$ cat protein.cif   # mmCIF, C-alpha atoms
data_coords
#
loop_
_atom_site.label_atom_id
_atom_site.label_comp_id
_atom_site.auth_asym_id
_atom_site.auth_seq_id
_atom_site.Cartn_x
_atom_site.Cartn_y
_atom_site.Cartn_z
CA MET D 1 -105.40 68.00 -25.79
CA GLN D 2 -103.15 65.88 -27.92
CA PRO D 3 -99.95 63.92 -27.32
CA ALA D 4 -96.52 65.38 -28.04
CA THR D 5 -94.36 63.60 -30.62
CA ALA D 6 -91.51 61.70 -28.96
CA LYS D 7 -88.45 59.55 -29.71
CA TRP D 8 -86.86 57.08 -27.28
CA TYR D 9 -83.79 54.90 -26.84
CA ASP D 10 -82.51 52.39 -24.31
CA ARG D 11 -79.24 52.26 -22.37
CA ARG D 12 -77.88 49.91 -19.69
CA ASP D 13 -78.97 52.06 -16.74
CA SER D 14 -81.49 54.50 -18.24
CA VAL D 15 -84.11 55.05 -20.91
CA PHE D 16 -84.15 58.39 -22.72
CA VAL D 17 -87.33 59.97 -24.10
CA GLU D 18 -87.18 63.19 -26.11
CA PHE D 19 -90.43 65.10 -26.58
CA CYS D 20 -90.10 67.12 -29.78
CA VAL D 21 -91.83 70.37 -28.83
CA GLU D 22 -90.27 73.65 -29.88
CA ASP D 23 -90.54 76.65 -27.55
CA SER D 24 -92.46 74.65 -24.94
CA LYS D 25 -94.02 76.44 -21.99
CA ASP D 26 -95.32 75.24 -18.62
CA VAL D 27 -93.44 71.93 -18.87
CA GLN D 28 -94.43 69.40 -16.23
CA VAL D 29 -92.96 65.91 -15.89
CA ASN D 30 -94.11 63.57 -13.13
CA PHE D 31 -92.19 60.34 -12.62
CA ASP D 32 -93.71 57.31 -10.90
CA THR D 33 -92.33 53.78 -10.47
CA SER D 34 -94.18 52.28 -13.45
CA LYS D 35 -95.28 55.35 -15.44
CA PHE D 36 -94.62 58.98 -16.14
CA ASP D 37 -96.66 61.94 -17.32
CA PHE D 38 -95.49 64.76 -19.57
CA SER D 39 -97.42 67.94 -20.30
CA CYS D 40 -96.67 71.35 -21.76
CA LEU D 41 -97.97 74.10 -23.98
CA ASN D 42 -96.76 74.13 -27.57
CA GLY D 43 -95.01 77.48 -27.95
CA ALA D 44 -96.21 78.17 -31.48
CA ASP D 45 -99.93 77.45 -31.06
CA ASN D 46 -100.43 77.35 -27.28
CA ILE D 47 -101.94 73.88 -27.67
CA LYS D 48 -101.90 71.74 -24.51
CA LEU D 49 -99.89 68.54 -25.08
CA LEU D 50 -100.21 65.58 -22.73
CA ASN D 51 -98.56 62.14 -22.70
CA ALA D 52 -99.30 59.52 -20.03
CA VAL D 53 -96.92 56.60 -20.45
CA GLU D 54 -97.27 53.20 -18.75
CA LEU D 55 -93.68 51.97 -18.85
CA PHE D 56 -92.32 48.58 -19.96
CA GLY D 57 -90.23 48.32 -16.79
CA GLU D 58 -89.88 50.12 -13.49
CA ILE D 59 -87.87 53.28 -12.93
CA ASP D 60 -86.44 55.13 -9.94
CA PRO D 61 -88.59 58.29 -9.86
CA LYS D 62 -86.21 60.19 -7.58
CA ALA D 63 -83.19 59.58 -9.83
CA SER D 64 -85.07 60.34 -13.08
CA LYS D 65 -84.67 63.83 -14.54
CA HIS D 66 -85.74 66.06 -17.42
CA ARG D 67 -84.27 69.06 -19.21
CA ARG D 68 -86.07 71.59 -21.40
CA THR D 69 -84.39 73.18 -24.41
CA ASP D 70 -85.78 75.47 -27.10
CA ARG D 71 -86.26 72.47 -29.39
CA SER D 72 -87.40 69.66 -27.08
CA VAL D 73 -87.71 68.22 -23.58
CA LEU D 74 -85.33 65.34 -22.85
CA CYS D 75 -86.29 62.91 -20.07
CA CYS D 76 -83.81 60.51 -18.52
CA LEU D 77 -85.65 57.64 -16.82
CA ARG D 78 -83.31 55.85 -14.42
CA LYS D 79 -84.05 52.10 -14.57
CA ALA D 80 -84.90 50.36 -11.30
CA GLU D 81 -83.26 47.21 -12.68
CA VAL D 82 -79.95 48.23 -14.29
CA GLY D 83 -78.75 45.99 -17.11
CA LYS D 84 -82.17 44.80 -18.26
CA SER D 85 -82.94 45.88 -21.82
CA TRP D 86 -86.30 47.36 -22.77
CA PRO D 87 -87.51 46.15 -26.19
CA ARG D 88 -90.13 48.93 -26.11
CA LEU D 89 -90.94 51.96 -23.99
CA THR D 90 -94.54 51.15 -23.18
CA LYS D 91 -96.05 48.35 -21.14
CA ASP D 92 -98.55 47.51 -23.90
CA LYS D 93 -97.39 46.23 -27.27
CA THR D 94 -99.87 48.47 -29.11
CA LYS D 95 -98.21 51.01 -31.40
CA CYS D 96 -98.40 54.63 -30.29
CA ASN D 97 -98.60 56.94 -33.31
CA TRP D 98 -96.81 59.70 -31.36
CA LEU D 99 -93.81 57.53 -30.40
CA SER D 100 -90.84 56.34 -32.47
CA VAL D 101 -87.43 54.82 -31.84
CA ASP D 102 -84.48 57.22 -31.91
CA PHE D 103 -82.31 55.19 -34.27
CA ASN D 104 -79.57 57.85 -34.20
CA ASN D 105 -78.96 56.97 -30.55
CA TRP D 106 -80.05 53.34 -30.47
CA LYS D 107 -77.33 50.88 -29.52
CA ASP D 108 -77.21 47.17 -28.76
CA TRP D 109 -75.47 47.49 -25.42
CA GLU D 110 -76.26 44.04 -23.96
CA ASP D 111 -72.87 42.63 -25.01
CA ASP D 112 -70.93 45.87 -24.44
CA SER D 113 -69.03 45.55 -21.16
CA ASP D 114 -66.71 48.55 -21.38
CA GLU D 115 -68.99 51.54 -21.01
CA ASP D 116 -66.60 53.79 -19.10
CA LEU D 117 -69.09 56.43 -17.97
CA SER D 118 -72.77 55.56 -17.97
CA SER D 119 -75.24 57.54 -20.05
CA PHE D 120 -77.01 58.61 -16.89
CA ASP D 121 -73.79 60.03 -15.45
CA LYS D 122 -73.08 61.89 -18.70
CA PHE D 123 -76.64 63.23 -18.69
CA SER D 124 -76.23 64.34 -15.06
CA GLU D 125 -72.93 66.07 -15.83
CA MET D 126 -74.48 67.79 -18.83
CA MET D 127 -77.47 68.96 -16.78
CA ASN D 128 -75.25 70.24 -13.97
CA SER D 129 -73.13 72.24 -16.39
CA MET D 130 -76.13 73.93 -17.98
CA GLY D 131 -78.07 76.84 -16.66
CA GLY D 132 -80.88 79.17 -17.63
CA ASP D 133 -83.10 79.02 -20.70
CA ASP D 134 -80.31 79.58 -23.25
CA LEU D 135 -79.43 75.89 -23.24
CA PRO D 136 -77.27 74.29 -25.91
CA ASP D 137 -78.71 71.74 -28.31
CA LEU D 138 -78.84 68.21 -26.84
CA ASP D 139 -78.82 66.35 -30.17
CA GLY D 140 -75.10 65.62 -29.91
CA ALA D 141 -75.13 64.61 -26.22
CA GLU D 142 -74.77 60.91 -26.99
CA GLU D 143 -72.60 61.19 -30.13
CA GLU D 144 -70.02 58.67 -28.96
CA HIS D 145 -72.69 55.97 -29.00
CA ASP D 146 -73.31 56.43 -32.75
CA SER D 147 -70.26 54.34 -33.58
CA ALA D 148 -71.97 51.05 -32.68
CA ASP D 149 -73.14 50.32 -36.22
CA SER D 150 -73.02 46.64 -37.03
CA ASP D 151 -75.11 44.23 -39.04
CA ASP D 152 -75.89 42.05 -36.04
CA GLU D 153 -77.40 44.80 -33.87
CA LYS D 154 -80.67 43.89 -32.22
CA MET D 155 -83.43 46.22 -33.21
CA PRO D 156 -86.27 47.17 -30.83
CA ASP D 157 -89.89 46.23 -31.34
CA LEU D 158 -91.55 49.11 -33.12
CA GLU D 159 -94.93 48.27 -31.73
#
$ encode --input "protein.cif" --output "structure tokens"
Amino acid sequence: MQPATAKWYDRRDSVFVEFCVEDSKDVQVNFDTSKFDFSCLNGADNIKLLNAVELFGEIDPKASKHRRTDRSVLCCLRKAEVGKSWPRLTKDKTKCNWLSVDFNNWKDWEDDSDEDLSSFDKFSEMMNSMGGDDLPDLDGAEEEHDSADSDDEKMPDLE
């Protein structure tokens, strides 16, 4: 078994983790208060992929969700403490070679007070409107957050 490659980004009320596995099969995601486990079969090679993640902060396992597409599995981890930023995904500062920051979706939201609809609510709406295995691509799901490009953005710890 080997870990799946993943990207992550932080929002005010949720943390998003996208496992980049095309044509995944037998996807299982188990959420716990301080960790979560992801496993699946890689569609191309039938290789078992497994990620066990001890989280930086606590999440609400019942409110956390995941969605499989043909290109990836997107997990929305609902923070237990809304409004607290996560400088990294994992509890330990050690660098995980399978994990990187999703800079396309990263945003310094700590000073942003006018988020009209939270990312979690948008994710929930998107999930409720989808059905079946012919799901649309999720890459553009957070497009409106791409406009927060400024020189004074805080960047996350990469380790």
$ residues_around --input "protein.cif" --residues "D:Ile59" --least-positions-apart "4" --cutoff "6 Å" --atoms "all atoms listed in the file" --output "ChimeraX atom specification"
/D:33,78-80
$ write_last_selection --input "protein.cif" --atoms "C-alpha atoms" --output "PDB file, in the frame of the given file"
ATOM      1  CA  THR D  33     -92.330  53.780 -10.470  1.00  0.00           C
ATOM      2  CA  ARG D  78     -83.310  55.850 -14.420  1.00  0.00           C
ATOM      3  CA  LYS D  79     -84.050  52.100 -14.570  1.00  0.00           C
ATOM      4  CA  ALA D  80     -84.900  50.360 -11.300  1.00  0.00           C
TER       5      ALA D  80
END
$ residues_near_point --input "protein.cif" --point "(-88.0, 62.7, -29.6)" --cutoff "7 Å" --atoms "all atoms listed in the file" --output "PyMOL selection string"
chain D and resi 5-8+17-20+102
$ resolve_selection --input "protein.cif" --expression "the PyMOL selection byres ((chain D and resi 41) around 8)" --output "list in words"
Ser24, Lys25, Asp26, Val27, Ser39, Cys40, Asn42, Gly43, Asn46, Ile47, Lys48 and Leu49 of chain D
$ atom_distance --input "protein.cif" --atom1 "atom CA of D:Thr69" --atom2 "atom CA of D:Leu50"
17.6 Å
$ atom_distance --input "protein.cif" --atom1 "atom CA of D:Phe16" --atom2 "atom CA of D:Thr94"
19.7 Å
